[in-house]
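**Q** Just so it is clear, I am handing over query.txt, which has compact mmCIF, C-alpha atoms and all ligand atoms.
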```txt
# COMPACT_ATOMS: atom_id res chain seq x y z
CA MET H 1 8.75 2.60 -15.58
CA ASN H 2 7.19 5.81 -14.18
CA VAL H 3 4.87 5.89 -11.16
CA LEU H 4 2.83 8.84 -9.89
CA SER H 5 2.69 8.35 -6.12
CA ILE H 6 0.16 10.52 -4.27
CA GLN H 7 0.47 10.05 -0.51
CA SER H 8 1.38 11.65 2.79
CA HIS H 9 4.99 12.65 3.38
CA VAL H 10 7.06 12.99 6.51
CA ALA H 11 10.35 14.87 6.89
CA TYR H 12 11.64 12.50 9.59
CA GLY H 13 11.12 8.76 9.31
CA HIS H 14 9.38 6.53 6.83
CA VAL H 15 5.64 6.42 6.22
CA GLY H 16 3.57 7.34 3.16
CA ASN H 17 5.74 8.62 0.31
CA ALA H 18 8.74 8.59 2.69
CA SER H 19 8.27 4.80 2.85
CA ALA H 20 7.06 4.08 -0.70
CA VAL H 21 9.23 6.25 -2.97
CA PHE H 22 12.74 4.95 -2.24
CA PRO H 23 11.98 1.21 -2.60
CA MET H 24 10.50 1.94 -6.03
CA GLN H 25 13.51 4.07 -7.01
CA ARG H 26 15.87 1.36 -5.75
CA LEU H 27 14.08 -0.99 -8.18
CA GLY H 28 14.82 1.40 -11.02
CA VAL H 29 11.44 3.13 -11.14
CA GLU H 30 11.15 6.87 -11.79
CA VAL H 31 8.74 8.19 -9.13
CA TRP H 32 6.70 11.39 -9.44
CA ALA H 33 5.91 12.05 -5.77
CA VAL H 34 2.97 14.28 -4.90
CA HIS H 35 2.44 14.82 -1.18
CA THR H 36 -1.05 15.01 0.34
CA VAL H 37 0.35 16.21 3.68
CA GLN H 38 3.81 17.24 4.80
CA PHE H 39 4.36 16.42 8.45
CA SER H 40 7.47 16.45 10.60
CA ASN H 41 6.93 12.80 11.56
CA HIS H 42 4.22 10.16 11.54
CA THR H 43 1.19 10.47 13.77
CA GLY H 44 2.12 7.35 15.73
CA TYR H 45 4.34 9.60 17.91
CA GLY H 46 1.20 11.35 19.20
CA ALA H 47 2.65 14.79 18.30
CA TRP H 48 3.65 16.20 14.95
CA ARG H 49 3.78 19.47 13.04
CA GLY H 50 3.09 20.36 9.47
CA ARG H 51 0.33 20.91 6.97
CA VAL H 52 -2.44 19.03 5.28
CA PHE H 53 -2.76 20.00 1.62
CA ASP H 54 -6.12 20.06 -0.19
CA GLY H 55 -7.62 18.79 -3.43
CA PRO H 56 -6.70 21.89 -5.51
CA ALA H 57 -3.05 21.65 -4.30
CA ILE H 58 -2.87 18.08 -5.63
CA GLU H 59 -4.61 18.99 -8.90
CA GLU H 60 -2.22 21.90 -9.44
CA LEU H 61 0.80 19.59 -9.31
CA VAL H 62 -0.83 17.03 -11.60
CA GLU H 63 -1.67 19.85 -14.00
CA GLY H 64 1.97 20.96 -13.96
CA ILE H 65 3.15 17.41 -14.69
CA ALA H 66 0.59 17.18 -17.53
CA GLU H 67 1.99 20.41 -18.96
CA ARG H 68 5.36 18.68 -19.31
CA GLY H 69 3.61 16.34 -21.75
CA VAL H 70 4.70 13.23 -19.83
CA LEU H 71 1.38 11.70 -18.73
CA PRO H 72 1.39 9.24 -21.69
CA THR H 73 4.58 7.77 -20.16
CA CYS H 74 3.02 7.22 -16.73
CA ASP H 75 2.74 3.46 -16.09
CA GLY H 76 1.02 3.54 -12.74
CA VAL H 77 -0.62 5.62 -10.03
CA LEU H 78 -0.20 4.72 -6.35
CA SER H 79 -2.33 6.21 -3.59
CA GLY H 80 -2.39 5.69 0.15
CA TYR H 81 -3.65 7.63 3.17
CA MET H 82 -6.17 10.28 2.05
CA GLY H 83 -6.50 13.21 4.45
CA SER H 84 -9.95 14.17 3.13
CA ALA H 85 -12.54 13.11 0.55
CA ASP H 86 -11.57 16.28 -1.35
CA ILE H 87 -8.02 14.92 -1.71
CA GLY H 88 -9.51 11.56 -2.71
CA THR H 89 -11.47 13.21 -5.50
CA ALA H 90 -8.30 14.95 -6.72
CA ILE H 91 -6.49 11.59 -6.73
CA LEU H 92 -9.27 9.95 -8.78
CA ARG H 93 -9.14 12.88 -11.23
CA ALA H 94 -5.40 12.30 -11.57
CA VAL H 95 -6.06 8.60 -12.24
CA ALA H 96 -8.58 9.53 -14.94
CA ARG H 97 -6.09 11.93 -16.56
CA VAL H 98 -3.33 9.33 -16.54
CA ARG H 99 -5.63 6.67 -17.99
CA ALA H 100 -6.81 9.06 -20.72
CA ALA H 101 -3.16 9.59 -21.67
CA ASN H 102 -2.12 5.94 -21.20
CA PRO H 103 -4.99 3.40 -21.11
CA ALA H 104 -2.54 0.67 -19.98
CA ALA H 105 -1.58 2.52 -16.76
CA LEU H 106 -2.39 0.68 -13.52
CA TYR H 107 -3.97 2.32 -10.48
CA CYS H 108 -2.98 0.73 -7.18
CA CYS H 109 -5.04 1.97 -4.23
CA ASP H 110 -3.97 1.17 -0.68
CA PRO H 111 -7.40 1.70 0.93
CA VAL H 112 -6.14 3.07 4.25
CA ILE H 113 -9.10 3.02 6.64
CA GLY H 114 -8.00 1.37 9.87
CA ASP H 115 -6.58 -1.72 11.47
CA VAL H 116 -7.55 -4.68 13.62
CA GLY H 117 -7.46 -3.54 17.26
CA ARG H 118 -7.26 0.17 16.39
CA GLY H 119 -10.49 0.40 14.39
CA VAL H 120 -11.11 3.20 11.90
CA PHE H 121 -8.41 5.92 12.09
CA VAL H 122 -9.31 8.11 9.12
CA ARG H 123 -11.71 11.03 9.00
CA PRO H 124 -15.48 10.48 8.69
CA GLY H 125 -16.47 9.95 5.07
CA ILE H 126 -13.15 8.38 4.03
CA PRO H 127 -14.17 4.73 4.58
CA GLU H 128 -17.25 5.26 2.38
CA PHE H 129 -15.19 7.16 -0.19
CA MET H 130 -12.71 4.28 -0.39
CA ARG H 131 -15.47 1.67 -0.71
CA ASP H 132 -17.73 3.54 -3.12
CA HIS H 133 -15.27 5.48 -5.29
CA ALA H 134 -11.55 4.74 -4.91
CA VAL H 135 -11.63 0.93 -4.74
CA PRO H 136 -14.04 0.55 -7.71
CA ALA H 137 -11.69 2.78 -9.76
CA ALA H 138 -8.58 0.73 -8.90
CA ASP H 139 -6.87 -2.09 -10.79
CA LEU H 140 -5.02 -3.25 -7.67
CA ILE H 141 -5.84 -2.79 -3.99
CA THR H 142 -3.83 -3.67 -0.88
CA PRO H 143 -6.20 -3.77 2.13
CA ASN H 144 -5.21 -5.20 5.50
CA GLN H 145 -7.70 -7.63 7.05
CA PHE H 146 -9.69 -4.90 8.82
CA GLU H 147 -10.01 -2.99 5.54
CA LEU H 148 -10.95 -6.15 3.63
CA ASP H 149 -13.76 -6.82 6.11
CA TYR H 150 -15.05 -3.27 5.82
CA LEU H 151 -14.91 -3.21 2.02
CA SER H 152 -16.59 -6.60 1.62
CA GLY H 153 -19.01 -6.47 4.53
CA ILE H 154 -17.75 -9.96 5.50
CA GLU H 155 -16.20 -10.71 8.88
CA THR H 156 -13.29 -12.91 7.82
CA ARG H 157 -12.44 -15.68 10.27
CA THR H 158 -11.26 -18.43 7.93
CA LEU H 159 -9.26 -18.60 4.73
CA ALA H 160 -12.52 -19.44 2.90
CA ASP H 161 -14.06 -16.23 4.32
CA ALA H 162 -11.05 -14.21 3.17
CA LYS H 163 -11.27 -15.66 -0.34
CA ALA H 164 -15.01 -14.87 -0.45
CA ALA H 165 -14.30 -11.32 0.74
CA VAL H 166 -11.61 -10.84 -1.92
CA ALA H 167 -14.03 -12.09 -4.60
CA ALA H 168 -16.76 -9.75 -3.31
CA VAL H 169 -14.42 -6.75 -3.51
CA GLN H 170 -13.19 -7.79 -6.96
CA ALA H 171 -16.82 -7.72 -8.12
CA SER H 172 -16.81 -3.96 -7.38
CA GLY H 173 -13.86 -3.29 -9.72
CA PRO H 174 -10.25 -4.15 -8.82
CA LYS H 175 -8.98 -7.26 -10.56
CA VAL H 176 -6.05 -7.80 -8.22
CA VAL H 177 -6.31 -7.79 -4.42
CA LEU H 178 -3.43 -8.18 -1.95
CA VAL H 179 -4.57 -8.71 1.64
CA THR H 180 -1.84 -7.80 4.16
CA SER H 181 -1.48 -8.88 7.79
CA LEU H 182 -4.05 -11.64 7.44
CA HIS H 183 -4.71 -13.83 10.44
CA THR H 184 -7.32 -16.55 9.95
CA GLU H 185 -8.17 -19.63 12.00
CA GLU H 186 -5.63 -21.50 9.86
CA THR H 187 -2.78 -19.06 10.65
CA PRO H 188 -0.37 -20.20 13.40
CA ASP H 189 0.03 -17.64 16.20
CA ASP H 190 3.70 -17.07 15.40
CA SER H 191 2.95 -16.29 11.72
CA ILE H 192 1.44 -13.62 9.45
CA ASP H 193 -0.20 -14.39 6.13
CA MET H 194 -0.70 -12.40 2.96
CA LEU H 195 -3.29 -13.44 0.41
CA ALA H 196 -3.39 -12.39 -3.23
CA GLY H 197 -6.30 -12.91 -5.58
CA GLU H 198 -6.59 -12.50 -9.33
CA ALA H 199 -9.04 -13.93 -11.90
CA GLY H 200 -10.52 -16.54 -9.56
CA ARG H 201 -7.10 -17.73 -8.34
CA PHE H 202 -5.63 -17.23 -4.87
CA TRP H 203 -2.12 -17.41 -3.43
CA ARG H 204 -1.09 -17.35 0.22
CA LEU H 205 2.32 -16.53 1.64
CA ARG H 206 3.21 -17.06 5.31
CA THR H 207 6.10 -15.44 7.19
CA PRO H 208 7.17 -15.50 10.82
CA ARG H 209 5.53 -12.79 12.95
CA LEU H 210 8.26 -10.41 14.12
CA SER H 211 8.04 -8.83 17.55
CA LEU H 212 7.76 -5.25 16.38
CA SER H 213 5.00 -2.84 15.59
CA VAL H 214 5.99 -0.17 13.11
CA ASN H 215 4.37 2.35 10.81
CA GLY H 216 4.90 2.50 7.08
CA ALA H 217 5.27 -1.22 6.32
CA GLY H 218 1.94 -1.22 4.49
CA ASP H 219 3.01 1.77 2.38
CA ALA H 220 6.21 -0.02 1.29
CA THR H 221 4.22 -3.21 0.64
CA ALA H 222 1.77 -1.50 -1.71
CA ALA H 223 4.60 0.22 -3.62
CA LEU H 224 6.61 -2.99 -4.06
CA PHE H 225 3.51 -4.97 -5.03
CA LEU H 226 2.57 -2.43 -7.71
CA VAL H 227 6.06 -2.44 -9.24
CA HIS H 228 6.40 -6.23 -9.24
CA TYR H 229 2.87 -6.69 -10.60
CA ALA H 230 3.48 -4.16 -13.37
CA ARG H 231 6.66 -6.03 -14.32
CA THR H 232 5.41 -9.64 -14.06
CA ARG H 233 1.63 -9.26 -14.55
CA SER H 234 1.31 -12.06 -12.02
CA ALA H 235 -0.27 -11.49 -8.59
CA GLY H 236 1.43 -14.63 -7.25
CA GLU H 237 4.92 -13.55 -8.36
CA ALA H 238 4.36 -9.99 -7.14
CA LEU H 239 3.23 -11.37 -3.77
CA GLY H 240 6.40 -13.46 -3.42
CA ALA H 241 8.71 -10.59 -4.33
CA ALA H 242 7.01 -7.87 -2.26
CA ALA H 243 6.59 -10.04 0.83
CA ALA H 244 10.24 -11.17 0.83
CA SER H 245 11.46 -7.56 0.63
CA VAL H 246 9.12 -6.31 3.36
CA PHE H 247 10.05 -9.21 5.62
CA GLY H 248 13.75 -8.48 5.12
CA LEU H 249 13.17 -4.79 5.82
CA LEU H 250 11.26 -5.52 9.04
CA ARG H 251 13.67 -8.21 10.21
CA ARG H 252 16.55 -5.72 9.93
CA THR H 253 14.41 -3.10 11.71
CA GLU H 254 13.67 -5.53 14.54
CA GLU H 255 17.36 -6.47 14.85
CA ALA H 256 18.30 -2.80 15.13
CA GLY H 257 15.53 -2.13 17.66
CA ALA H 258 14.60 0.90 15.53
CA ARG H 259 11.37 2.82 15.87
CA GLU H 260 11.38 3.76 12.17
CA ILE H 261 11.65 1.14 9.44
CA LEU H 262 15.18 0.89 7.99
CA THR H 263 14.19 1.90 4.46
CA VAL H 264 17.70 3.15 3.65
CA ALA H 265 19.96 0.86 5.69
CA ALA H 266 18.12 -2.29 4.55
CA GLN H 267 17.79 -1.21 0.91
CA ASP H 268 19.46 -4.33 -0.47
CA GLU H 269 16.36 -6.24 0.63
CA PHE H 270 14.39 -4.46 -2.12
CA VAL H 271 16.71 -5.80 -4.80
CA ALA H 272 17.88 -9.13 -3.40
CA PRO H 273 15.82 -10.25 -0.39
CA SER H 274 17.87 -12.33 2.05
CA ARG H 275 15.01 -14.76 2.60
CA THR H 276 12.14 -15.83 0.36
CA PHE H 277 8.96 -17.70 1.23
CA PRO H 278 6.85 -20.20 -0.70
CA VAL H 279 3.82 -18.83 -2.55
CA GLU H 280 1.10 -21.41 -2.06
CA ALA H 281 -1.91 -21.73 -4.36
CA VAL H 282 -4.95 -21.97 -2.05
N1 LIG H 301 5.09 -7.80 13.13
C1 LIG H 301 5.27 -8.17 11.85
N2 LIG H 301 5.95 -9.31 11.56
C2 LIG H 301 6.14 -9.70 10.29
N3 LIG H 301 5.67 -9.02 9.23
C3 LIG H 301 4.99 -7.88 9.45
C4 LIG H 301 4.74 -7.38 10.76
N4 LIG H 301 4.04 -6.23 10.65
C5 LIG H 301 3.85 -6.01 9.33
N5 LIG H 301 4.40 -7.00 8.61
C6 LIG H 301 4.42 -7.17 7.16
O1 LIG H 301 4.14 -5.95 6.54
C7 LIG H 301 2.97 -6.08 5.72
C8 LIG H 301 2.20 -4.78 5.70
O2 LIG H 301 1.97 -4.35 7.01
P1 LIG H 301 0.51 -3.98 7.54
O3 LIG H 301 0.66 -3.72 8.99
O4 LIG H 301 -0.46 -5.00 7.10
O5 LIG H 301 0.21 -2.66 6.78
P2 LIG H 301 -0.91 -1.59 7.09
O6 LIG H 301 -0.13 -0.43 7.56
O7 LIG H 301 -1.53 -1.36 5.77
O8 LIG H 301 -1.86 -2.16 8.09
C9 LIG H 301 2.22 -7.27 6.31
O9 LIG H 301 1.43 -7.95 5.37
C10 LIG H 301 3.36 -8.16 6.77
O10 LIG H 301 3.82 -8.94 5.70
C1 LIG H 302 0.98 10.77 7.87
C2 LIG H 302 0.96 9.27 7.90
N1 LIG H 302 0.89 8.59 6.72
C3 LIG H 302 0.88 7.25 6.68
C4 LIG H 302 0.92 6.49 7.82
C5 LIG H 302 0.90 4.99 7.64
O1 LIG H 302 1.28 4.22 8.70
P1 LIG H 302 0.81 2.71 8.87
O2 LIG H 302 1.74 1.89 8.04
O3 LIG H 302 0.94 2.42 10.31
O4 LIG H 302 -0.61 2.56 8.40
C6 LIG H 302 0.98 7.15 9.06
C7 LIG H 302 1.04 6.40 10.32
O5 LIG H 302 1.28 6.88 11.37
C8 LIG H 302 1.01 8.58 9.09
O6 LIG H 302 1.07 9.25 10.23
MG MG H 303 -2.08 0.37 5.46
```
For the file at hand, write its structure as structure tokens.
Ligand SMILES: Nc1ncnc2c1ncn2[C@@H]1O[C@H](COP(=O)(O)OP(=O)(O)O)[C@@H](O)[C@H]1O
Ligand SMILES: Cc1ncc(COP(=O)(O)O)c(C=O)c1O
Ligand SMILES: [Mg+2]
**A**
Amino acid sequence: MNVLSIQSHVAYGHVGNASAVFPMQRLGVEVWAVHTVQFSNHTGYGAWRGRVFDGPAIEELVEGIAERGVLPTCDGVLSGYMGSADIGTAILRAVARVRAANPAALYCCDPVIGDVGRGVFVRPGIPEFMRDHAVPAADLITPNQFELDYLSGIETRTLADAKAAVAAVQASGPKVVLVTSLHTEETPDDSIDMLAGEAGRFWRLRTPRLSLSVNGAGDATAALFLVHYARTRSAGEALGAAAASVFGLLRRTEEAGAREILTVAAQDEFVAPSRTFPVEAV
């Protein structure tokens, strides 16, 4: 399996491609990593150095990959944080090129817009670009609850609201939706839910809430979900596999008291998660 992953990259630590690429490789996937920015570290530190690339820089790399004649072997495209709408347009052009070469390729879009509590943290224009262009072009999307609410225009308080919001977003294009960090009225305070939806069916998975707040977990989640979905073609199975690995990764990170997720040290969790959780049809 070959995945074109177009995301931010950091030299130190693990967010964006620096969080997504290795778990996919550890699962035996060949990853073609194109970086939308190259920063020293993630922006959660408050200070960082590095450069933001632009749409033409992304298109140039995709053109070079196309010149190798390998686009027909590309099984999936993964995108995450988009620095600008111009980069978003380049990503959607890449998706169109891959699909023209391989109509079976899957596009998984992590519609990074913001988070509960923090609000919108991307540049003006990006939320609308995600809603009106990127999400409709995707086969799979992995919004958190804040992003689900924005994309659907529904304020989700209950599981029924979340299911309605997933269905509303599916009507715009993506057939598979994975909602991360979902907390509804039904969710116990010491837990975190994920909800997957496909073809009118929904699955919920609940894990303990760990006492850590890290960056990059969503990027690893989207990557693992894409790989497991591509292999199983089942949103429920992909949910179970991705969630178990991410939980194992974060549990090890919490134990170590680390500020960066332990993508390398906890790599066995990607292959053989130490703990699995029931996937409940809801
Ligand atoms: N404190 C936590 N405890 C347990 N799991 C967590 C925690 N934070 C994140 N996760 C897991 O990581 C997944 C993705 O993280 P999330 O914060 O939703 O990503 P994003 O960066 O997209 O907002 C969540 O669905 C959840 O399963
Ligand atoms: C450059 C970059 N990409 C991606 C992310 C994703 O982080 P998070 O998982 O917190 O959304 C961050 C967060 O700080 C970042 O700085
Ligand atoms: Mg995210």
**Q** Counting all atoms listed in the file, which residues have an atom no more than 12 Å from (0.7, -4.9, 7.7) in the file's coordinates? Please list them as number ranges by chain.
**A** H: 110, 112, 114-116, 142-147, 178-183, 192-195, 207, 209-210, 212-222, 243, 246-247, 250
**Q** How would the residues just picked look written out with C-alpha atoms as an mmCIF file, in the frame of the given file?
**A**
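Now in out-v3.cif:
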```cif
data_model
loop_
_atom_site.group_PDB
_atom_site.id
_atom_site.type_symbol
_atom_site.label_atom_id
_atom_site.label_comp_id
_atom_site.auth_asym_id
_atom_site.auth_seq_id
_atom_site.Cartn_x
_atom_site.Cartn_y
_atom_site.Cartn_z
ATOM 1 C CA ASP H 110 -3.970 1.170 -0.680
ATOM 2 C CA VAL H 112 -6.140 3.070 4.250
ATOM 3 C CA GLY H 114 -8.000 1.370 9.870
ATOM 4 C CA ASP H 115 -6.580 -1.720 11.470
ATOM 5 C CA VAL H 116 -7.550 -4.680 13.620
ATOM 6 C CA THR H 142 -3.830 -3.670 -0.880
ATOM 7 C CA PRO H 143 -6.200 -3.770 2.130
ATOM 8 C CA ASN H 144 -5.210 -5.200 5.500
ATOM 9 C CA GLN H 145 -7.700 -7.630 7.050
ATOM 10 C CA PHE H 146 -9.690 -4.900 8.820
ATOM 11 C CA GLU H 147 -10.010 -2.990 5.540
ATOM 12 C CA LEU H 178 -3.430 -8.180 -1.950
ATOM 13 C CA VAL H 179 -4.570 -8.710 1.640
ATOM 14 C CA THR H 180 -1.840 -7.800 4.160
ATOM 15 C CA SER H 181 -1.480 -8.880 7.790
ATOM 16 C CA LEU H 182 -4.050 -11.640 7.440
ATOM 17 C CA HIS H 183 -4.710 -13.830 10.440
ATOM 18 C CA ILE H 192 1.440 -13.620 9.450
ATOM 19 C CA ASP H 193 -0.200 -14.390 6.130
ATOM 20 C CA MET H 194 -0.700 -12.400 2.960
ATOM 21 C CA LEU H 195 -3.290 -13.440 0.410
ATOM 22 C CA THR H 207 6.100 -15.440 7.190
ATOM 23 C CA ARG H 209 5.530 -12.790 12.950
ATOM 24 C CA LEU H 210 8.260 -10.410 14.120
ATOM 25 C CA LEU H 212 7.760 -5.250 16.380
ATOM 26 C CA SER H 213 5.000 -2.840 15.590
ATOM 27 C CA VAL H 214 5.990 -0.170 13.110
ATOM 28 C CA ASN H 215 4.370 2.350 10.810
ATOM 29 C CA GLY H 216 4.900 2.500 7.080
ATOM 30 C CA ALA H 217 5.270 -1.220 6.320
ATOM 31 C CA GLY H 218 1.940 -1.220 4.490
ATOM 32 C CA ASP H 219 3.010 1.770 2.380
ATOM 33 C CA ALA H 220 6.210 -0.020 1.290
ATOM 34 C CA THR H 221 4.220 -3.210 0.640
ATOM 35 C CA ALA H 222 1.770 -1.500 -1.710
ATOM 36 C CA ALA H 243 6.590 -10.040 0.830
ATOM 37 C CA VAL H 246 9.120 -6.310 3.360
ATOM 38 C CA PHE H 247 10.050 -9.210 5.620
ATOM 39 C CA LEU H 250 11.260 -5.520 9.040
#
```
**Q** Mind pulling up the distance from atom CA of H:Ala164 to atom CA of H:Pro278?
**A**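 It comes out at 22.5 Å.
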**Q** Atom CA of H:Trp32 to atom CA of H:Arg123: how many Å, to one decimal?
**A**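 Separation of atom CA of H:Trp32 and atom CA of H:Arg123: 26.1 Å.
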**Q** By how many Å are atom CA of H:Gly50 and atom CA of H:Ala90 apart?
**A**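 Separating atom CA of H:Gly50 from atom CA of H:Ala90 is a distance of 20.5 Å.
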**Q** I'd like the contact shell of H:Ala137 - 7 Å cut-off, all atoms listed in the file, skipping same-chain residues fewer than 3 positions apart - returned as a list in words.
**A** His133, Ala134 and Gly173 of chain H
**Q** From the list H:Pro72, H:Gly44, H:Pro103, H:Gly55, which residue is nearest H:Arg118 when using only C-alpha atoms?
**A**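 Of the candidates, the smallest distance to H:Arg118 is held by H:Gly44.
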**Q** Given the choices H:Arg97, H:Ile91, H:Leu239, H:Thr263, which gets closest to H:Ala20 if the distance is worked out from only C-alpha atoms?
**A** H:Thr263
